[in-house]
$ cat work14.csv   # CSV, C-alpha atoms and all ligand atoms
chain,number,residue,atom,x,y,z
A,226,MET,CA,129.9,127.2,88.9
A,227,HIS,CA,128.2,124.3,87.1
A,228,ASN,CA,130.3,121.8,85.2
A,229,SER,CA,128.1,122.2,82.1
A,230,SER,CA,128.6,125.1,79.7
A,231,VAL,CA,126.9,127.7,81.7
A,232,PRO,CA,127.0,131.3,80.6
A,233,THR,CA,128.9,133.7,82.7
A,234,ASP,CA,128.6,137.4,83.4
A,235,LEU,CA,129.5,139.0,80.2
A,236,PHE,CA,130.4,142.2,81.8
A,237,ARG,CA,132.6,140.7,84.5
A,238,ALA,CA,133.8,137.3,83.3
A,239,GLN,CA,136.6,137.4,85.8
A,240,ARG,CA,135.1,136.5,89.2
A,241,SER,CA,136.2,137.7,92.5
A,242,LYS,CA,137.8,135.0,94.7
A,243,GLY,CA,134.7,134.9,97.0
A,244,GLU,CA,132.5,134.2,94.1
A,245,GLU,CA,134.3,131.2,92.7
A,246,GLN,CA,132.5,128.6,94.8
A,247,LEU,CA,129.1,130.0,94.1
A,248,SER,CA,126.6,128.7,91.6
A,249,ASP,CA,125.5,130.9,88.8
A,250,ARG,CA,122.2,131.4,90.5
A,251,GLN,CA,123.9,132.5,93.7
A,252,ARG,CA,126.3,134.8,92.0
A,253,TRP,CA,123.6,136.6,90.0
A,254,ASP,CA,121.2,136.7,92.9
A,255,HIS,CA,124.0,138.5,94.9
A,256,ARG,CA,124.7,140.9,92.1
A,257,TYR,CA,121.0,141.8,91.6
A,258,ALA,CA,120.5,142.1,95.4
A,259,THR,CA,123.3,144.6,95.5
A,260,LEU,CA,122.6,146.5,92.3
A,261,LYS,CA,121.7,150.1,92.8
A,262,PRO,CA,117.9,150.8,92.3
A,263,ASN,CA,118.2,152.8,89.1
A,264,ARG,CA,120.7,150.6,87.3
A,265,ARG,CA,119.7,148.6,84.3
A,266,THR,CA,116.2,150.0,83.9
A,267,GLU,CA,116.5,151.4,80.4
A,268,PRO,CA,116.0,148.8,77.5
A,269,VAL,CA,119.0,148.0,75.3
A,270,PRO,CA,119.1,150.7,72.6
A,271,PHE,CA,119.2,148.2,69.8
A,272,LEU,CA,115.8,146.8,71.1
A,273,VAL,CA,114.4,150.3,71.2
A,274,ALA,CA,115.5,150.8,67.6
A,275,CYS,CA,113.8,147.5,66.6
A,276,LEU,CA,110.5,148.0,68.5
A,277,PRO,CA,108.7,149.9,65.8
A,278,ARG,CA,109.1,146.9,63.5
A,279,LEU,CA,107.9,144.4,66.1
A,280,PRO,CA,104.3,143.2,66.5
A,281,THR,CA,102.3,144.9,69.2
A,282,ARG,CA,100.3,141.8,70.0
A,283,GLY,CA,101.2,138.2,70.9
A,284,TYR,CA,103.8,136.5,73.0
A,285,ALA,CA,107.4,137.5,73.7
A,286,LEU,CA,110.2,135.6,75.4
A,287,ASP,CA,113.1,137.6,77.1
A,288,VAL,CA,115.9,135.1,77.4
A,289,ALA,CA,118.0,135.7,80.5
A,290,ALA,CA,115.9,138.7,81.3
A,291,GLY,CA,117.8,139.8,84.3
A,292,ALA,CA,116.4,142.9,85.9
A,293,GLY,CA,113.8,143.1,83.2
A,294,ARG,CA,114.7,146.2,81.3
A,295,ASN,CA,113.9,144.6,77.9
A,296,SER,CA,110.9,142.6,79.2
A,297,VAL,CA,109.2,145.8,80.5
A,298,ALA,CA,109.8,147.6,77.2
A,299,LEU,CA,108.3,144.6,75.3
A,300,ALA,CA,105.3,144.6,77.6
A,301,ALA,CA,104.8,148.4,77.2
A,302,HIS,CA,104.8,147.7,73.4
A,303,GLY,CA,101.8,145.5,73.9
A,304,LEU,CA,103.3,142.0,74.0
A,305,THR,CA,102.7,139.3,76.7
A,306,VAL,CA,106.1,138.7,78.0
A,307,ASP,CA,107.7,135.6,79.6
A,308,ALA,CA,110.9,136.8,81.4
A,309,VAL,CA,113.2,133.9,82.0
A,310,ASP,CA,116.3,134.0,84.2
A,311,VAL,CA,118.2,131.8,86.6
A,312,SER,CA,118.1,134.6,89.2
A,313,TRP,CA,115.0,135.1,91.3
A,314,HIS,CA,116.5,138.4,92.7
A,315,GLY,CA,116.8,139.7,89.1
A,316,LEU,CA,113.3,138.7,88.3
A,317,ARG,CA,112.0,140.4,91.5
A,318,ARG,CA,113.6,143.6,90.3
A,319,ALA,CA,112.0,143.0,86.9
A,320,MET,CA,108.6,142.7,88.5
A,321,ALA,CA,109.2,145.9,90.5
A,322,LEU,CA,110.2,147.7,87.4
A,323,ALA,CA,107.1,146.5,85.6
A,324,ARG,CA,104.9,147.6,88.4
A,325,ARG,CA,106.5,151.1,88.4
A,326,GLN,CA,105.9,151.3,84.7
A,327,GLY,CA,102.3,150.0,84.9
A,328,VAL,CA,102.8,146.8,82.9
A,329,ARG,CA,102.8,143.1,83.7
A,330,ILE,CA,105.4,140.4,82.9
A,331,ASN,CA,105.5,136.7,83.6
A,332,PRO,CA,108.7,135.9,85.6
A,333,ILE,CA,110.0,132.4,85.1
A,334,VAL,CA,113.0,131.1,87.1
A,335,LEU,CA,114.8,128.7,84.9
A,336,ASP,CA,118.4,127.5,84.5
A,337,LEU,CA,118.8,127.8,80.7
A,338,SER,CA,121.9,125.6,80.8
A,339,ARG,CA,119.5,122.7,81.0
A,340,GLY,CA,118.3,123.6,77.5
A,341,TRP,CA,114.6,124.1,78.3
A,342,LEU,CA,112.5,127.0,77.4
A,343,PRO,CA,108.8,127.6,78.3
A,344,ARG,CA,106.5,125.4,76.2
A,345,ARG,CA,104.9,128.2,74.2
A,346,CYS,CA,105.3,129.6,70.7
A,347,TYR,CA,106.5,133.1,70.5
A,348,ASP,CA,106.0,136.0,68.2
A,349,VAL,CA,109.2,137.7,69.4
A,350,VAL,CA,112.3,136.4,71.2
A,351,VAL,CA,114.9,138.8,72.7
A,352,ASN,CA,118.3,137.7,73.8
A,353,THR,CA,120.7,140.4,75.0
A,354,PHE,CA,124.1,140.2,76.7
A,355,PHE,CA,123.8,136.5,77.2
A,356,LEU,CA,125.3,133.7,75.1
A,357,LEU,CA,124.5,130.1,75.4
A,358,ARG,CA,125.2,128.5,72.0
A,359,ASP,CA,123.5,125.2,73.0
A,360,LEU,CA,120.2,127.1,73.5
A,361,ILE,CA,120.1,128.4,70.0
A,362,PRO,CA,118.2,125.4,68.5
A,363,SER,CA,115.6,125.8,71.2
A,364,ILE,CA,115.3,129.5,70.5
A,365,LYS,CA,114.7,128.8,66.8
A,366,SER,CA,112.1,126.2,67.6
A,367,VAL,CA,110.0,128.2,70.1
A,368,LEU,CA,109.7,131.1,67.5
A,369,LYS,CA,106.5,131.0,65.4
A,370,PRO,CA,107.1,131.0,61.6
A,371,GLY,CA,107.6,134.6,60.7
A,372,GLY,CA,108.5,135.3,64.4
A,373,TRP,CA,111.0,138.0,65.2
A,374,LEU,CA,114.4,137.6,66.9
A,375,VAL,CA,116.4,140.5,68.5
A,376,PHE,CA,119.8,139.4,69.6
A,377,GLU,CA,122.8,141.4,70.8
A,378,THR,CA,125.8,140.3,72.8
A,379,LEU,CA,129.5,140.9,73.3
A,380,THR,CA,132.1,139.8,70.8
A,381,ILE,CA,135.7,138.8,71.4
A,382,ALA,CA,136.8,142.3,70.5
A,383,GLN,CA,135.6,143.2,74.0
A,384,ILE,CA,138.7,141.4,75.4
A,385,GLU,CA,140.9,144.3,74.1
A,386,ILE,CA,138.7,146.9,75.5
A,387,THR,CA,138.3,145.5,79.0
A,388,PRO,CA,140.9,142.7,79.3
A,389,HIS,CA,140.4,142.5,83.1
A,390,ARG,CA,136.7,141.9,82.8
A,391,ALA,CA,135.6,140.1,79.6
A,392,ARG,CA,138.1,137.4,78.7
A,393,ASP,CA,136.3,134.1,78.6
A,394,ARG,CA,135.9,133.4,74.9
A,395,ASN,CA,133.2,130.8,75.5
A,396,TYR,CA,130.8,133.6,76.2
A,397,LEU,CA,131.9,136.0,73.5
A,398,LEU,CA,130.9,135.8,69.8
A,399,LYS,CA,133.5,135.3,67.2
A,400,PRO,CA,133.6,137.6,64.2
A,401,GLY,CA,130.6,136.9,61.9
A,402,GLU,CA,129.4,134.2,64.3
A,403,LEU,CA,126.0,135.6,65.1
A,404,ARG,CA,125.1,136.0,61.5
A,405,GLN,CA,126.2,132.4,60.9
A,406,LEU,CA,124.2,131.0,63.8
A,407,PHE,CA,121.0,132.4,62.2
A,408,ASP,CA,121.9,132.0,58.5
A,409,ASP,CA,118.6,130.0,58.1
A,410,PHE,CA,116.6,133.1,59.2
A,411,LEU,CA,115.8,136.1,57.1
A,412,ILE,CA,118.3,138.7,58.4
A,413,LEU,CA,116.9,142.2,58.4
A,414,ASP,CA,119.6,144.0,60.2
A,415,TYR,CA,123.1,142.9,61.2
A,416,TRP,CA,125.9,145.0,62.8
A,417,GLU,CA,129.2,144.3,64.5
A,418,GLY,CA,131.4,146.9,66.0
A,419,VAL,CA,132.3,149.0,69.0
A,420,GLU,CA,130.1,151.6,70.6
A,421,GLU,CA,130.5,153.2,74.0
A,422,ASN,CA,133.3,150.8,74.9
A,423,ARG,CA,131.2,147.8,74.1
A,424,ALA,CA,132.1,145.4,71.3
A,425,THR,CA,128.9,143.7,70.2
A,426,ALA,CA,127.1,142.0,67.4
A,427,ARG,CA,123.5,142.8,66.7
A,428,LEU,CA,120.9,140.9,64.8
A,429,LEU,CA,117.3,141.5,63.8
A,430,ALA,CA,115.9,138.5,62.0
A,431,ARG,CA,112.7,136.6,61.2
A,432,LYS,CA,112.1,132.9,61.2
A,433,PRO,CA,111.2,131.7,57.8
A,434,GLY,CA,107.7,130.1,57.4
A,435,GLN,CA,104.2,130.4,56.2
A,436,VAL,CA,103.5,133.9,57.6
A,437,ALA,CA,103.9,136.7,55.0
A,438,LEU,CA,107.2,138.4,55.7
A,501,LIG,C1,124.6,140.3,81.5
A,501,LIG,S1,123.1,139.8,82.2
A,501,LIG,C2,121.9,140.3,80.9
A,501,LIG,C3,120.5,140.5,81.4
A,501,LIG,C4,119.6,141.1,80.4
A,501,LIG,N1,119.5,140.2,79.2
A,501,LIG,C5,120.0,142.4,80.0
A,501,LIG,O1,120.5,142.7,78.9
A,501,LIG,O2,119.8,143.3,80.8
A,501,LIG,C6,123.1,138.0,82.0
A,501,LIG,C7,121.9,137.4,82.7
A,501,LIG,O3,122.0,136.0,82.4
A,501,LIG,C8,121.4,135.3,83.5
A,501,LIG,N2,121.9,133.9,83.5
A,501,LIG,C9,123.2,133.5,83.7
A,501,LIG,N3,123.3,132.2,83.7
A,501,LIG,C10,122.0,131.7,83.4
A,501,LIG,C11,121.4,130.4,83.3
A,501,LIG,N4,122.1,129.3,83.4
A,501,LIG,N5,120.1,130.4,83.1
A,501,LIG,C12,119.3,131.5,83.0
A,501,LIG,N6,119.8,132.7,83.1
A,501,LIG,C13,121.1,132.8,83.3
A,501,LIG,C14,121.9,136.1,84.7
A,501,LIG,O4,121.1,135.9,85.8
A,501,LIG,C15,121.7,137.5,84.2
A,501,LIG,O5,120.5,138.1,84.5
$ encode --input "work14.csv" --output "structure tokens" --more "lines below"
Ligand SMILES: C[S@@+](CC[C@H](N)C(=O)[O-])C[C@H]1O[C@@H](n2cnc3c(N)ncnc32)[C@H](O)[C@@H]1O
Amino acid sequence: MHNSSVPTDLFRAQRSKGEEQLSDRQRWDHRYATLKPNRRTEPVPFLVACLPRLPTRGYALDVAAGAGRNSVALAAHGLTVDAVDVSWHGLRRAMALARRQGVRINPIVLDLSRGWLPRRCYDVVVNTFFLLRDLIPSIKSVLKPGGWLVFETLTIAQIEITPHRARDRNYLLKPGELRQLFDDFLILDYWEGVEENRATARLLARKPGQVAL
């Protein structure tokens, strides 16, 4: 584990003893290397619901893309996708998924806790099941004016649902927090609640700017 505020596994915030000495990259590499082949291949349902509103051309950034389920859906939608993650094993799975589905993605291994994002301007940014508050100003700045943001991650209500797994509040949203973090954006859709044993907050928003909204 890094000393800096590094995001943890939002599904399994409690680490096994053997994992405690590992870096985030090693932990995630191990998880993706041992993940069953058909796990995490379908895009997040909220992204699927947003897709008809998203542009079909331009650049998309998938923040902490993992095994690429969202990256591949964005590429199939027509976007050129940068899939960023700390885990090379995750991104290898993402590339394999892209190949199987006949699309291409750009895998980028990057430790986001350093605060850097690729130097590109994006039409769409997607961030699901990953929370790094310090990265939010960078997410805002890499989006083009009028660019689209799709964000969903767990809230602290998850602690009551799976107390043994998600209990580190640093990586869980407080009530109303996601809306507040993007209160300078045009919020088109916002929801907080529990569905299928997951307590999440969801946001679809556009960066204000010159482009006609
Ligand atoms: C719960 S998974 C979510 C993956 C993907 N967004 C999805 O919804 O399927 C969290 C992801 O964050 C990545 N991650 C954790 N710490 C990271 C860091 N410091 N920099 C970049 N990625 C990181 C992990 O490798 C993992 O793929």
$ residues_around --input "work14.csv" --residues "range 328-333 of chain A" --least-positions-apart "3" --cutoff "6 Å" --atoms "all atoms listed in the file" --output "ChimeraX atom specification"
/A:306-309,323-324
$ write_last_selection --input "work14.csv" --atoms "C-alpha atoms" --output "PDB file, in the coordinates of the input"
ATOM      1  CA  VAL A 306     106.100 138.700  78.000  1.00  0.00           C
ATOM      2  CA  ASP A 307     107.700 135.600  79.600  1.00  0.00           C
ATOM      3  CA  ALA A 308     110.900 136.800  81.400  1.00  0.00           C
ATOM      4  CA  VAL A 309     113.200 133.900  82.000  1.00  0.00           C
ATOM      5  CA  ALA A 323     107.100 146.500  85.600  1.00  0.00           C
ATOM      6  CA  ARG A 324     104.900 147.600  88.400  1.00  0.00           C
TER       7      ARG A 324
END
$ residues_around --input "work14.csv" --residues "Ala298 in chain A" --least-positions-apart "3" --cutoff "10 Å" --atoms "only C-alpha atoms" --output "count of residues only"
18
$ residues_near_ligand --input "work14.csv" --ligand "ligand LIG 501 (chain A)" --cutoff "8 Å" --atoms "only C-alpha atoms and all ligand atoms" --output "ChimeraX atom specification"
/A:231-236,249-250,253-254,265,268-269,287-295,309-312,315,334-339,352-355
$ atom_distance --input "work14.csv" --atom1 "CA of Pro388 in chain A" --atom2 "CA of Ala274 in chain A"
29.1 Å
$ atom_distance --input "work14.csv" --atom1 "CA of Ala426 in chain A" --atom2 "CA of Glu377 in chain A"
5.5 Å
$ atom_distance --input "work14.csv" --atom1 "CA of Leu379 in chain A" --atom2 "CA of Cys275 in chain A"
18.3 Å
$ residues_around --input "work14.csv" --residues "range 360-362 of chain A" --least-positions-apart "3" --cutoff "8 Å" --atoms "all atoms listed in the file" --output "PyMOL selection string"
chain A and resi 337-338+340-341+357+365-366+406
$ write_last_selection --input "work14.csv" --atoms "C-alpha atoms" --output "PDB file, in the frame of the given file"
ATOM      1  CA  LEU A 337     118.800 127.800  80.700  1.00  0.00           C
ATOM      2  CA  SER A 338     121.900 125.600  80.800  1.00  0.00           C
ATOM      3  CA  GLY A 340     118.300 123.600  77.500  1.00  0.00           C
ATOM      4  CA  TRP A 341     114.600 124.100  78.300  1.00  0.00           C
ATOM      5  CA  LEU A 357     124.500 130.100  75.400  1.00  0.00           C
ATOM      6  CA  LYS A 365     114.700 128.800  66.800  1.00  0.00           C
ATOM      7  CA  SER A 366     112.100 126.200  67.600  1.00  0.00           C
ATOM      8  CA  LEU A 406     124.200 131.000  63.800  1.00  0.00           C
TER       9      LEU A 406
END
$ closest_residue --input "work14.csv" --among "A:Pro400, A:Gly371, A:Pro433, A:Gly283" --to "Arg345 in chain A" --atoms "only C-alpha atoms"
A:Gly283
$ closest_residue --input "work14.csv" --among "A:Thr380, A:Gln251, A:Ser363, A:Thr305" --to "Ala424 in chain A" --atoms "all atoms listed in the file"
A:Thr380
$ closest_residue --input "work14.csv" --among "A:Ala285, A:Leu247, A:Ala382, A:Leu413" --to "Val350 in chain A" --atoms "only C-alpha atoms"
A:Ala285
$ closest_residue --input "work14.csv" --among "A:Val419, A:Leu286, A:Val297, A:Leu316" --to "Tyr347 in chain A" --atoms "all atoms listed in the file"
A:Leu286
